[in-house]
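Participant: Pasting entry_2.csv here (CSV, C-alpha atoms):
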```csv
chain,number,residue,atom,x,y,z
A,504,MET,CA,21.0,-49.9,28.6
A,505,GLU,CA,18.6,-47.0,28.3
A,506,ILE,CA,20.0,-44.0,26.5
A,507,ALA,CA,18.9,-40.6,27.9
A,508,ARG,CA,17.3,-38.4,25.2
A,509,LYS,CA,18.2,-34.8,25.2
A,510,LYS,CA,15.2,-32.5,25.2
A,511,TRP,CA,14.6,-30.7,21.9
A,512,SER,CA,16.1,-27.3,22.3
A,513,PHE,CA,14.2,-25.5,19.5
A,514,ARG,CA,12.5,-22.3,20.6
A,515,ALA,CA,10.6,-20.0,18.2
A,516,ASN,CA,11.7,-16.4,17.8
A,517,GLU,CA,9.3,-14.4,20.0
A,518,LYS,CA,9.7,-11.3,17.9
A,519,LEU,CA,7.9,-13.2,15.1
A,520,SER,CA,5.0,-14.3,17.3
A,521,LYS,CA,2.5,-11.5,16.6
A,522,ASP,CA,-1.2,-11.4,17.1
A,523,ILE,CA,-2.8,-12.0,13.7
A,524,THR,CA,-5.0,-8.9,14.1
A,525,VAL,CA,-1.8,-6.7,14.1
A,526,THR,CA,-1.2,-7.3,10.4
A,527,VAL,CA,-3.3,-6.1,7.4
A,528,ARG,CA,-3.7,-9.6,5.9
A,529,GLY,CA,-4.5,-11.1,9.3
A,530,THR,CA,-7.3,-8.6,9.8
A,531,LEU,CA,-8.7,-9.1,6.3
A,532,SER,CA,-8.7,-12.9,6.9
A,533,LEU,CA,-10.7,-12.4,10.0
A,534,LEU,CA,-13.2,-10.2,8.1
A,535,GLN,CA,-13.5,-12.9,5.5
A,536,GLU,CA,-14.3,-15.5,8.2
A,537,ASN,CA,-16.9,-13.2,9.6
A,538,THR,CA,-19.0,-13.1,6.4
A,539,ASN,CA,-22.4,-14.8,6.4
A,540,LYS,CA,-21.9,-18.3,4.9
A,541,GLU,CA,-25.6,-18.4,3.9
A,542,ASP,CA,-25.3,-15.2,1.8
A,543,GLU,CA,-25.3,-16.5,-1.8
A,544,ARG,CA,-23.9,-13.2,-3.1
A,545,PRO,CA,-20.1,-13.2,-4.0
A,546,ILE,CA,-17.8,-11.7,-1.4
A,547,LEU,CA,-16.5,-8.4,-2.7
A,548,GLN,CA,-12.9,-7.6,-1.9
A,549,LEU,CA,-12.6,-3.8,-1.8
A,550,SER,CA,-9.4,-4.1,0.3
A,551,HIS,CA,-7.0,-6.5,-1.3
A,552,GLY,CA,-4.8,-4.0,-3.2
A,553,ASP,CA,-3.9,-6.4,-6.0
A,554,PRO,CA,-5.3,-5.1,-9.3
A,555,ALA,CA,-3.8,-8.1,-11.1
A,556,ALA,CA,-6.6,-10.3,-9.7
A,557,TYR,CA,-9.0,-8.8,-12.2
A,558,PRO,CA,-8.9,-9.2,-16.0
A,559,LEU,CA,-9.3,-5.5,-16.4
A,560,PHE,CA,-5.8,-5.0,-15.0
A,561,ARG,CA,-4.1,-7.9,-16.7
A,562,THR,CA,-0.4,-7.5,-17.4
A,563,CYS,CA,0.3,-6.2,-20.9
A,564,LEU,CA,1.0,-8.7,-23.6
A,565,LYS,CA,4.5,-7.2,-24.2
A,566,ALA,CA,5.5,-8.0,-20.6
A,567,GLU,CA,4.1,-11.5,-20.8
A,568,ASN,CA,6.0,-12.2,-24.0
A,569,ALA,CA,9.1,-10.9,-22.4
A,570,VAL,CA,8.7,-13.4,-19.5
A,571,VAL,CA,8.2,-16.3,-22.0
A,572,HIS,CA,11.2,-15.2,-24.1
A,573,ALA,CA,13.4,-15.0,-21.0
A,574,LEU,CA,12.4,-18.5,-19.9
A,575,GLN,CA,12.8,-20.1,-23.3
A,576,SER,CA,16.1,-18.4,-24.0
A,577,ALA,CA,17.8,-20.3,-21.1
A,578,GLN,CA,20.1,-17.3,-20.7
A,579,PHE,CA,18.8,-16.5,-17.2
A,580,ASN,CA,18.9,-19.9,-15.5
A,581,THR,CA,22.0,-19.4,-13.5
A,582,TYR,CA,22.7,-17.4,-10.3
A,583,SER,CA,22.4,-13.7,-10.7
A,584,SER,CA,24.3,-10.9,-9.1
A,585,PHE,CA,22.7,-10.1,-5.8
A,586,ILE,CA,22.3,-6.5,-6.8
A,587,GLY,CA,20.5,-7.3,-10.1
A,588,ILE,CA,22.0,-8.0,-13.5
A,589,LEU,CA,23.4,-5.2,-15.6
A,590,PRO,CA,20.7,-4.9,-18.3
A,591,ALA,CA,18.0,-4.4,-15.6
A,592,ARG,CA,20.0,-1.9,-13.6
A,593,ARG,CA,20.9,0.0,-16.8
A,594,ALA,CA,17.2,0.2,-17.8
A,595,VAL,CA,16.2,1.5,-14.4
A,596,ALA,CA,19.0,4.0,-14.3
A,597,GLU,CA,18.1,5.4,-17.7
A,598,TYR,CA,14.4,5.7,-16.7
A,599,LEU,CA,15.1,7.4,-13.4
A,600,SER,CA,17.5,9.8,-15.2
A,601,ILE,CA,14.7,11.3,-17.3
A,602,ASN,CA,14.4,15.0,-16.7
A,603,LEU,CA,17.3,15.0,-14.3
A,604,PRO,CA,20.3,17.4,-14.8
A,605,TYR,CA,22.6,14.4,-14.3
A,606,LYS,CA,22.6,10.8,-15.2
A,607,ILE,CA,22.2,7.9,-12.7
A,608,SER,CA,24.7,5.1,-13.2
A,609,PRO,CA,23.7,1.4,-13.2
A,610,ASP,CA,26.1,1.1,-10.3
A,611,ASP,CA,23.8,3.4,-8.3
A,612,VAL,CA,20.9,0.9,-8.7
A,613,TYR,CA,20.3,-2.0,-6.3
A,614,MET,CA,17.6,-4.4,-7.4
A,615,THR,CA,15.5,-6.3,-4.9
A,616,LEU,CA,12.6,-8.8,-5.1
A,617,GLY,CA,9.9,-6.2,-4.3
A,618,CYS,CA,9.6,-3.5,-1.6
A,619,SER,CA,9.6,-6.0,1.3
A,620,GLN,CA,13.2,-7.1,0.6
A,621,ALA,CA,14.2,-3.5,-0.2
A,622,MET,CA,13.0,-2.3,3.2
A,623,GLU,CA,14.7,-5.3,4.9
A,624,VAL,CA,18.0,-4.4,3.3
A,625,ILE,CA,17.7,-0.6,4.0
A,626,ILE,CA,16.5,-0.9,7.6
A,627,THR,CA,19.2,-3.5,8.4
A,628,VAL,CA,21.8,-1.0,7.2
A,629,LEU,CA,20.3,1.9,9.1
A,630,ALA,CA,19.6,0.1,12.4
A,631,SER,CA,22.7,1.2,14.3
A,632,SER,CA,22.6,1.4,18.1
A,633,GLY,CA,20.2,4.2,19.3
A,634,ALA,CA,19.1,5.2,15.8
A,635,ASN,CA,15.5,6.3,14.9
A,636,ILE,CA,13.6,6.6,11.7
A,637,LEU,CA,10.5,8.7,10.8
A,638,LEU,CA,7.5,6.8,9.4
A,639,PRO,CA,4.2,8.3,8.1
A,640,LYS,CA,0.9,8.1,9.9
A,641,PRO,CA,-1.2,6.6,8.5
A,642,GLY,CA,1.2,4.2,6.9
A,643,TYR,CA,1.7,0.5,6.0
A,644,PRO,CA,2.4,-1.5,9.2
A,645,ASN,CA,5.0,-3.8,7.6
A,646,HIS,CA,7.5,-1.0,7.8
A,647,GLU,CA,7.0,-0.6,11.5
A,648,ALA,CA,7.3,-4.4,12.1
A,649,ARG,CA,10.5,-4.5,10.2
A,650,CYS,CA,12.0,-1.6,12.2
A,651,SER,CA,10.9,-3.3,15.5
A,652,PHE,CA,12.6,-6.5,14.5
A,653,SER,CA,15.8,-4.7,13.8
A,654,GLN,CA,15.5,-2.6,17.0
A,655,LEU,CA,15.3,0.6,15.1
A,656,GLU,CA,13.2,3.2,17.0
A,657,VAL,CA,10.1,4.4,15.1
A,658,ARG,CA,8.8,8.0,15.3
A,659,HIS,CA,5.6,8.9,13.4
A,660,TYR,CA,5.1,12.1,11.4
A,661,ASP,CA,1.5,13.1,10.4
A,662,LEU,CA,0.0,13.3,7.0
A,663,ILE,CA,-2.7,16.1,6.8
A,664,PRO,CA,-6.0,14.9,5.4
A,665,ASP,CA,-7.3,18.5,4.7
A,666,LYS,CA,-4.2,19.2,2.6
A,667,GLY,CA,-4.3,16.2,0.3
A,668,TRP,CA,-2.3,14.1,2.8
A,669,ASP,CA,0.8,16.3,2.5
A,670,VAL,CA,3.5,15.9,5.2
A,671,ASP,CA,3.2,18.1,8.2
A,672,LEU,CA,6.8,19.4,7.8
A,673,ASP,CA,6.8,21.7,10.9
A,674,ALA,CA,5.8,18.8,13.2
A,675,LEU,CA,8.3,16.5,11.4
A,676,GLU,CA,11.2,18.8,12.2
A,677,ARG,CA,10.3,18.6,15.9
A,678,LEU,CA,10.7,14.8,15.8
A,679,VAL,CA,14.3,14.9,14.5
A,680,ASP,CA,17.3,14.6,16.8
A,681,GLU,CA,20.9,13.7,16.4
A,682,ASN,CA,20.0,10.0,16.2
A,683,THR,CA,17.5,10.4,13.3
A,684,VAL,CA,18.8,8.6,10.3
A,685,ALA,CA,16.0,8.7,7.7
A,686,ILE,CA,12.5,9.6,6.7
A,687,LEU,CA,10.3,7.2,4.8
A,688,ILE,CA,8.1,8.7,2.0
A,689,ILE,CA,5.4,6.6,0.5
A,690,ASN,CA,4.4,7.9,-2.9
A,691,PRO,CA,1.9,7.1,-4.4
A,692,GLY,CA,0.4,6.8,-1.0
A,693,ASN,CA,-0.8,3.6,0.8
A,694,PRO,CA,-3.3,3.8,2.4
A,695,CYS,CA,-4.3,7.3,1.5
A,696,GLY,CA,-4.2,7.1,-2.3
A,697,ASN,CA,-2.5,10.5,-2.5
A,698,VAL,CA,0.3,11.5,-4.9
A,699,PHE,CA,2.7,14.3,-3.7
A,700,SER,CA,3.1,17.3,-6.0
A,701,PHE,CA,6.6,18.1,-7.3
A,702,GLU,CA,6.6,21.2,-5.2
A,703,HIS,CA,5.8,19.3,-2.0
A,704,LEU,CA,8.5,16.7,-2.8
A,705,ASN,CA,11.0,19.5,-3.2
A,706,LYS,CA,10.0,20.9,0.3
A,707,ILE,CA,10.4,17.4,1.8
A,708,ALA,CA,13.9,17.1,0.2
A,709,GLU,CA,14.9,20.6,1.4
A,710,THR,CA,13.8,19.8,4.9
A,711,ALA,CA,15.7,16.5,4.9
A,712,ARG,CA,18.8,18.2,3.6
A,713,LYS,CA,18.6,20.9,6.2
A,714,LEU,CA,18.2,18.3,9.0
A,715,GLY,CA,20.9,16.0,7.5
A,716,ILE,CA,18.7,12.9,7.2
A,717,LEU,CA,18.2,10.4,4.4
A,718,VAL,CA,15.0,10.2,2.4
A,719,ILE,CA,13.7,6.7,1.5
A,720,SER,CA,11.0,6.7,-1.2
A,721,ASP,CA,8.7,3.7,-1.3
A,722,GLU,CA,7.3,3.5,-4.8
A,723,VAL,CA,6.1,0.1,-6.3
A,724,TYR,CA,6.7,-0.4,-10.0
A,725,ASP,CA,6.9,-4.2,-10.1
A,726,THR,CA,3.4,-4.8,-8.7
A,727,LEU,CA,2.0,-2.4,-11.3
A,728,THR,CA,3.6,-4.4,-14.0
A,729,PHE,CA,3.3,-8.0,-12.9
A,730,GLY,CA,1.3,-8.2,-9.7
A,731,ASP,CA,2.4,-10.2,-6.7
A,732,ASN,CA,4.0,-12.9,-8.9
A,733,PRO,CA,6.7,-15.2,-7.5
A,734,PHE,CA,7.2,-16.6,-11.0
A,735,VAL,CA,9.3,-13.6,-12.0
A,736,PRO,CA,12.7,-13.9,-10.2
A,737,MET,CA,15.3,-11.3,-10.3
A,738,ALA,CA,17.3,-12.8,-13.2
A,739,THR,CA,14.2,-13.1,-15.4
A,740,PHE,CA,13.0,-9.6,-14.4
A,741,GLY,CA,16.4,-8.3,-15.5
A,742,SER,CA,15.7,-9.5,-19.0
A,743,ILE,CA,12.2,-8.0,-19.1
A,744,VAL,CA,12.9,-4.5,-17.9
A,745,PRO,CA,14.7,-3.4,-21.0
A,746,VAL,CA,11.9,-4.7,-23.2
A,747,ILE,CA,9.1,-2.8,-21.3
A,748,THR,CA,8.9,1.0,-21.5
A,749,LEU,CA,8.8,1.8,-17.8
A,750,GLY,CA,7.2,5.1,-18.5
A,751,SER,CA,4.2,3.4,-20.1
A,752,ILE,CA,2.9,2.2,-16.6
A,753,SER,CA,2.5,5.8,-15.5
A,754,LYS,CA,-0.7,7.5,-16.5
A,755,LYS,CA,-2.7,10.6,-15.5
A,756,TRP,CA,-6.1,10.0,-14.0
A,757,ALA,CA,-8.6,12.7,-13.0
A,758,VAL,CA,-9.9,11.4,-9.7
A,759,PRO,CA,-12.9,13.4,-8.3
A,760,GLY,CA,-13.8,12.8,-4.7
A,761,TRP,CA,-17.2,13.1,-3.0
A,762,ARG,CA,-18.4,13.2,0.6
A,763,VAL,CA,-21.2,10.7,0.8
A,764,GLY,CA,-22.9,11.8,4.0
A,765,TRP,CA,-20.8,9.5,6.1
A,766,LEU,CA,-17.8,8.8,4.0
A,767,VAL,CA,-15.5,10.1,1.2
A,768,THR,CA,-14.7,7.9,-1.8
A,769,CYS,CA,-13.6,8.3,-5.4
A,770,ASP,CA,-14.9,7.6,-8.8
A,771,PRO,CA,-12.2,7.0,-11.4
A,772,THR,CA,-14.4,5.1,-13.8
A,773,GLY,CA,-17.7,7.1,-13.3
A,774,THR,CA,-19.3,4.1,-11.5
A,775,LEU,CA,-20.8,6.3,-8.8
A,776,GLN,CA,-22.7,8.4,-11.4
A,777,LYS,CA,-23.9,5.3,-13.3
A,778,SER,CA,-25.0,3.4,-10.2
A,779,GLY,CA,-27.5,6.0,-9.0
A,780,ILE,CA,-25.5,6.8,-5.8
A,781,THR,CA,-25.1,10.4,-6.9
A,782,GLU,CA,-28.5,11.5,-5.5
A,783,CYS,CA,-26.9,11.4,-2.0
A,784,ILE,CA,-23.5,12.9,-2.7
A,785,LYS,CA,-22.1,16.3,-3.5
A,786,ALA,CA,-18.8,17.3,-5.1
A,787,CYS,CA,-16.2,18.6,-2.6
A,788,LEU,CA,-12.8,18.2,-4.2
A,789,ASN,CA,-11.0,17.3,-7.4
A,790,ILE,CA,-7.5,15.7,-7.6
A,791,ASP,CA,-5.3,15.3,-10.7
A,792,CYS,CA,-2.8,12.6,-9.9
A,793,ASP,CA,-1.0,9.4,-11.0
A,794,PRO,CA,-2.9,6.1,-10.7
A,795,VAL,CA,-3.2,4.8,-7.2
A,796,THR,CA,-4.9,1.8,-5.7
A,797,PHE,CA,-6.4,3.0,-2.4
A,798,VAL,CA,-8.4,5.8,-0.9
A,799,GLN,CA,-8.6,6.6,2.8
A,800,VAL,CA,-12.2,7.2,3.9
A,801,GLN,CA,-13.3,9.1,7.1
A,802,LEU,CA,-16.4,7.7,8.8
A,803,ASP,CA,-18.9,10.1,10.4
A,804,LEU,CA,-20.2,7.8,13.1
A,805,SER,CA,-22.6,10.4,14.4
A,806,LEU,CA,-24.9,9.5,11.5
A,807,LEU,CA,-24.9,5.8,12.2
A,808,GLU,CA,-26.7,3.8,14.9
A,809,GLY,CA,-25.1,1.0,16.9
A,810,ILE,CA,-21.6,1.4,15.4
A,811,ASP,CA,-18.9,2.6,17.7
A,812,ASP,CA,-15.7,2.6,15.6
A,813,ASP,CA,-14.2,1.6,12.3
A,814,VAL,CA,-13.5,-2.0,13.3
A,815,GLU,CA,-17.1,-2.6,14.2
A,816,PHE,CA,-18.2,-0.9,10.9
A,817,CYS,CA,-16.0,-3.2,8.9
A,818,PHE,CA,-17.0,-6.4,10.7
A,819,LYS,CA,-20.7,-5.6,10.5
A,820,LEU,CA,-20.4,-4.7,6.8
A,821,ALA,CA,-18.7,-8.0,6.1
A,822,LYS,CA,-21.4,-9.9,8.0
A,823,GLU,CA,-24.4,-8.2,6.5
A,824,GLU,CA,-23.2,-7.3,3.0
A,825,SER,CA,-20.2,-9.6,2.3
A,826,VAL,CA,-18.0,-6.6,1.5
A,827,ILE,CA,-14.5,-6.5,2.8
A,828,ILE,CA,-12.7,-3.1,3.5
A,829,LEU,CA,-9.9,-2.4,5.9
A,830,PRO,CA,-10.4,-0.7,9.3
A,831,GLY,CA,-8.3,2.5,9.3
A,832,VAL,CA,-6.9,1.8,12.8
A,833,LYS,CA,-4.8,-1.0,11.3
A,834,VAL,CA,-2.8,1.7,9.4
A,835,GLY,CA,-2.8,4.2,12.2
A,836,MET,CA,-6.1,6.1,11.6
A,837,LYS,CA,-8.9,5.3,14.0
A,838,ASN,CA,-12.5,5.7,12.5
A,839,TRP,CA,-11.3,5.8,9.0
A,840,VAL,CA,-11.4,2.9,6.5
A,841,ARG,CA,-9.2,2.0,3.5
A,842,VAL,CA,-11.1,1.2,0.2
A,843,CYS,CA,-9.5,-0.3,-2.9
A,844,PHE,CA,-11.0,0.9,-6.1
A,845,ALA,CA,-8.6,-1.0,-8.5
A,846,VAL,CA,-11.3,-3.6,-9.2
A,847,GLU,CA,-13.6,-4.4,-12.1
A,848,PRO,CA,-16.2,-1.6,-12.5
A,849,SER,CA,-19.1,-4.1,-11.9
A,850,VAL,CA,-17.5,-5.2,-8.6
A,851,LEU,CA,-16.9,-1.6,-7.6
A,852,GLU,CA,-20.5,-0.7,-8.5
A,853,ASP,CA,-22.0,-3.7,-6.6
A,854,GLY,CA,-19.7,-3.0,-3.6
A,855,LEU,CA,-20.6,0.7,-3.3
A,856,GLN,CA,-24.3,-0.2,-3.6
A,857,ARG,CA,-24.0,-2.7,-0.8
A,858,ILE,CA,-22.1,-0.1,1.4
A,859,LYS,CA,-24.9,2.4,0.6
A,860,SER,CA,-27.5,-0.1,1.7
A,861,PHE,CA,-25.6,-0.9,4.9
A,862,CYS,CA,-25.2,2.8,5.8
A,863,LEU,CA,-28.9,3.5,5.1
A,864,ARG,CA,-29.9,0.5,7.2
A,865,HIS,CA,-27.8,1.7,10.2
A,866,ALA,CA,-28.5,5.5,9.7
A,867,LYS,CA,-29.9,7.3,12.7
A,868,SER,CA,-33.5,8.4,12.3
A,869,HIS,CA,-34.0,12.2,12.7
```
Turn this file's structure into structure tokens for me.

Facilitator:
Amino acid sequence: MEIARKKWSFRANEKLSKDITVTVRGTLSLLQENTNKEDERPILQLSHGDPAAYPLFRTCLKAENAVVHALQSAQFNTYSSFIGILPARRAVAEYLSINLPYKISPDDVYMTLGCSQAMEVIITVLASSGANILLPKPGYPNHEARCSFSQLEVRHYDLIPDKGWDVDLDALERLVDENTVAILIINPGNPCGNVFSFEHLNKIAETARKLGILVISDEVYDTLTFGDNPFVPMATFGSIVPVITLGSISKKWAVPGWRVGWLVTCDPTGTLQKSGITECIKACLNIDCDPVTFVQVQLDLSLLEGIDDDVEFCFKLAKEESVIILPGVKVGMKNWVRVCFAVEPSVLEDGLQRIKSFCLRHAKSH
């Protein structure tokens, strides 16, 4: 007797079926595929945002030894509290309490495996029926994707380029209604590379308090210390945090910026001056800020021939010079590009020279 087979009923979640070009990594993968395979020069990634890929930014020996000790001690091989073990939460609470008029309790600290899980937890809690959240523009697209998945309405507030990417607080207030639950602040900024001043952060806090909304601050300390490293689980990280001086990963950099005819970039290591690019640049601003990975760059397409937008700029640059940078439209800023300068100085110098050659080759003749 023949047995009737039931049709397999699995169906993929349509919310997860996104065009690869919507994501940052998907776009960078396409740019990588678009490089000239016959070009013998190395592909230069000025877009990846992972300083740990370079020896210059290697994790400090103290942190590495802490990982080894935690592994060999066998004290952290069991299940951990889902909010993080007490030593880790206590260390974070003590660090965040510095210069505050009050002390944060370890019970106020909820540890997650990076910002992605933190945003997943927070947005899941906030996503009540009809609620909306304010996200920055430009901003990192993963936040918007997570909100969409949780059916939390997104409203974008602007960051102002001419004011160091400060929040447009007047416009922000006009976005708020009785269903607004929170505002997301990314500091240090991705993709703009800005760091808000203490005074501006105070204004943001005062505005949020007046409007009765929550402020969520997206600041990444784990990637500065360990990179994108799945080897360090929560239980192990808990044993490492008390060993490392958290304040030691915060430094002051003087980051001068220049307008290079058609773009703005930065020169934290003096590479621009050493590479000879300075003959075509002039100083236009100076910023004193904490270390950041990215800088947002505005293109002046009127100076270029045969390039219509930031996407075409990036794809032609990848094809002709094997240099990868991110089109700004992927983070909400059309005709801008995002450049990562947290690379080895030799890579940055080579990459900027190739970008210069590309722009000169496509420059309009006058």

Participant: Let me make sure I understand: among A:Gly835, A:Glu567, A:Val826, A:Pro641, which one has the smallest atom-to-atom distance to Glu852 in chain A if we use all atoms listed in the file?

Facilitator: A:Val826

Participant: Using all atoms listed in the file, which of A:Asn568, A:Gln578, A:Ser583, A:Thr683 sits nearest Ala711 in chain A?

Facilitator: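 For Ala711 in chain A, the nearest of the candidates is A:Thr683.
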
Participant: So that I can check the surroundings of Arg592 in chain A, please list as a list in words every protein, DNA and RNA residue that reaches within 6 Å of it, counting all atoms listed in the file and ignoring chain neighbours fewer than 2 positions away.

Facilitator: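 In the requested format, the answer is Leu589, Pro590, Ala594, Val595, Pro609 and Val612 of chain A.
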
Participant: Using CA of Gly696 in chain A and CA of Val800 in chain A as the two end points, give the distance in Å to one decimal.

Facilitator: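 Distance reported for this atom pair: 10.1 Å.
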
Participant: Could you jot down the CA of Leu714 in chain A to CA of Gly642 in chain A separation for me, Å, one decimal place?

Facilitator: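 Between these atoms lies a distance of 22.2 Å.
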
Participant: What is the distance, in Å and to one decimal place, between CA of Arg857 in chain A and CA of Gly667 in chain A?

Facilitator: 27.3 Å

Participant: Applying 8 Å and only C-alpha atoms, which residues near His659 in chain A remain after dropping the ones on its own chain fewer than 4 positions away? List them as a ChimeraX atom specification.

Facilitator: /A:637-640

Participant: Near Gln620 in chain A, within 12 Å and counting all atoms listed in the file, which residues show up once chain neighbours fewer than 2 positions away are dropped, as a ChimeraX atom specification?

Facilitator: /A:585-586,613-618,622-627,645-646,649,721,737

Participant: Write out as a tab-separated table (two decimals) with C-alpha atoms, in the frame of the given file each polymer residue whose atoms come within 8 Å of Asn682 in chain A, counting all atoms listed in the file; drop sequence neighbours fewer than 6 positions from it.

Facilitator:
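Result went into around.tsv, see below:
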```tsv
chain	number	residue	atom	x	y	z
A	633	GLY	CA	20.20	4.20	19.30
A	634	ALA	CA	19.10	5.20	15.80
A	635	ASN	CA	15.50	6.30	14.90
```

Participant: Pick out the residues sitting within 7 Å of Leu829 in chain A, and hand them over as a PyMOL selection string; count only C-alpha atoms, and ignore anything fewer than 6 positions along from it in its own chain.

Facilitator: chain A and resi 531+550+817+840-842

Participant: So, with only C-alpha atoms as the atoms that count, which of A:Leu574, A:Leu678, A:Cys862, A:Leu807 lies closest to Glu656 in chain A?

Facilitator: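 Distance minimum relative to Glu656 in chain A lands on A:Leu678.
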
Participant: For a quick check of understanding, using only C-alpha atoms, which of A:Phe699, A:Trp511, A:Tyr643, A:Tyr582 has the smallest distance to Lys666 in chain A?

Facilitator: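 So, comparing all the options, the nearest one is A:Phe699.
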
Participant: Taking all atoms listed in the file into account, name the residue in A:Val571, A:Ala821, A:Leu662, A:Leu599 that is nearest to Asp611 in chain A.

Facilitator: A:Leu599

Participant: Keeping just N, CA and C atoms, export range 797-814 of chain A of this structure as a short mmCIF file (atom, residue, chain, number, x, y, z; two decimals), in the first residue's frame.

Facilitator:
```
data_model
loop_
_atom_site.label_atom_id
_atom_site.label_comp_id
_atom_site.auth_asym_id
_atom_site.auth_seq_id
_atom_site.Cartn_x
_atom_site.Cartn_y
_atom_site.Cartn_z
N PHE A 797 35.53 55.86 12.10
CA PHE A 797 35.06 56.28 10.79
C PHE A 797 35.09 57.79 10.64
N VAL A 798 35.06 58.22 9.39
CA VAL A 798 34.79 59.62 9.08
C VAL A 798 33.83 59.63 7.90
N GLN A 799 32.84 60.51 7.95
CA GLN A 799 31.86 60.65 6.88
C GLN A 799 32.35 61.74 5.93
N VAL A 800 32.37 61.42 4.65
CA VAL A 800 33.02 62.26 3.64
C VAL A 800 32.00 62.70 2.60
N GLN A 801 31.93 64.01 2.33
CA GLN A 801 30.99 64.53 1.33
C GLN A 801 31.69 64.64 -0.02
N LEU A 802 31.06 64.10 -1.06
CA LEU A 802 31.59 64.17 -2.41
C LEU A 802 31.10 65.44 -3.10
N ASP A 803 32.00 66.08 -3.84
CA ASP A 803 31.60 67.19 -4.71
C ASP A 803 31.61 66.65 -6.13
N LEU A 804 30.47 66.12 -6.57
CA LEU A 804 30.40 65.45 -7.87
C LEU A 804 30.54 66.42 -9.04
N SER A 805 30.40 67.73 -8.77
CA SER A 805 30.54 68.70 -9.85
C SER A 805 31.98 68.76 -10.37
N LEU A 806 32.92 68.23 -9.60
CA LEU A 806 34.32 68.23 -10.01
C LEU A 806 34.72 66.95 -10.73
N LEU A 807 33.80 65.99 -10.81
CA LEU A 807 34.13 64.69 -11.38
C LEU A 807 33.35 64.42 -12.65
N GLU A 808 33.99 63.75 -13.58
CA GLU A 808 33.39 63.43 -14.87
C GLU A 808 32.89 61.99 -14.86
N GLY A 809 31.61 61.78 -15.29
CA GLY A 809 31.09 60.43 -15.48
C GLY A 809 30.76 59.69 -14.21
N ILE A 810 30.59 60.40 -13.12
CA ILE A 810 30.19 59.78 -11.85
C ILE A 810 28.96 60.50 -11.34
N ASP A 811 27.85 59.78 -11.23
CA ASP A 811 26.56 60.40 -10.92
C ASP A 811 26.22 60.43 -9.44
N ASP A 812 26.74 59.47 -8.67
CA ASP A 812 26.38 59.42 -7.25
C ASP A 812 27.44 58.66 -6.47
N ASP A 813 27.21 58.53 -5.16
CA ASP A 813 28.19 57.89 -4.29
C ASP A 813 28.35 56.40 -4.57
N VAL A 814 27.27 55.73 -4.99
CA VAL A 814 27.36 54.31 -5.29
C VAL A 814 28.27 54.08 -6.49
#
```
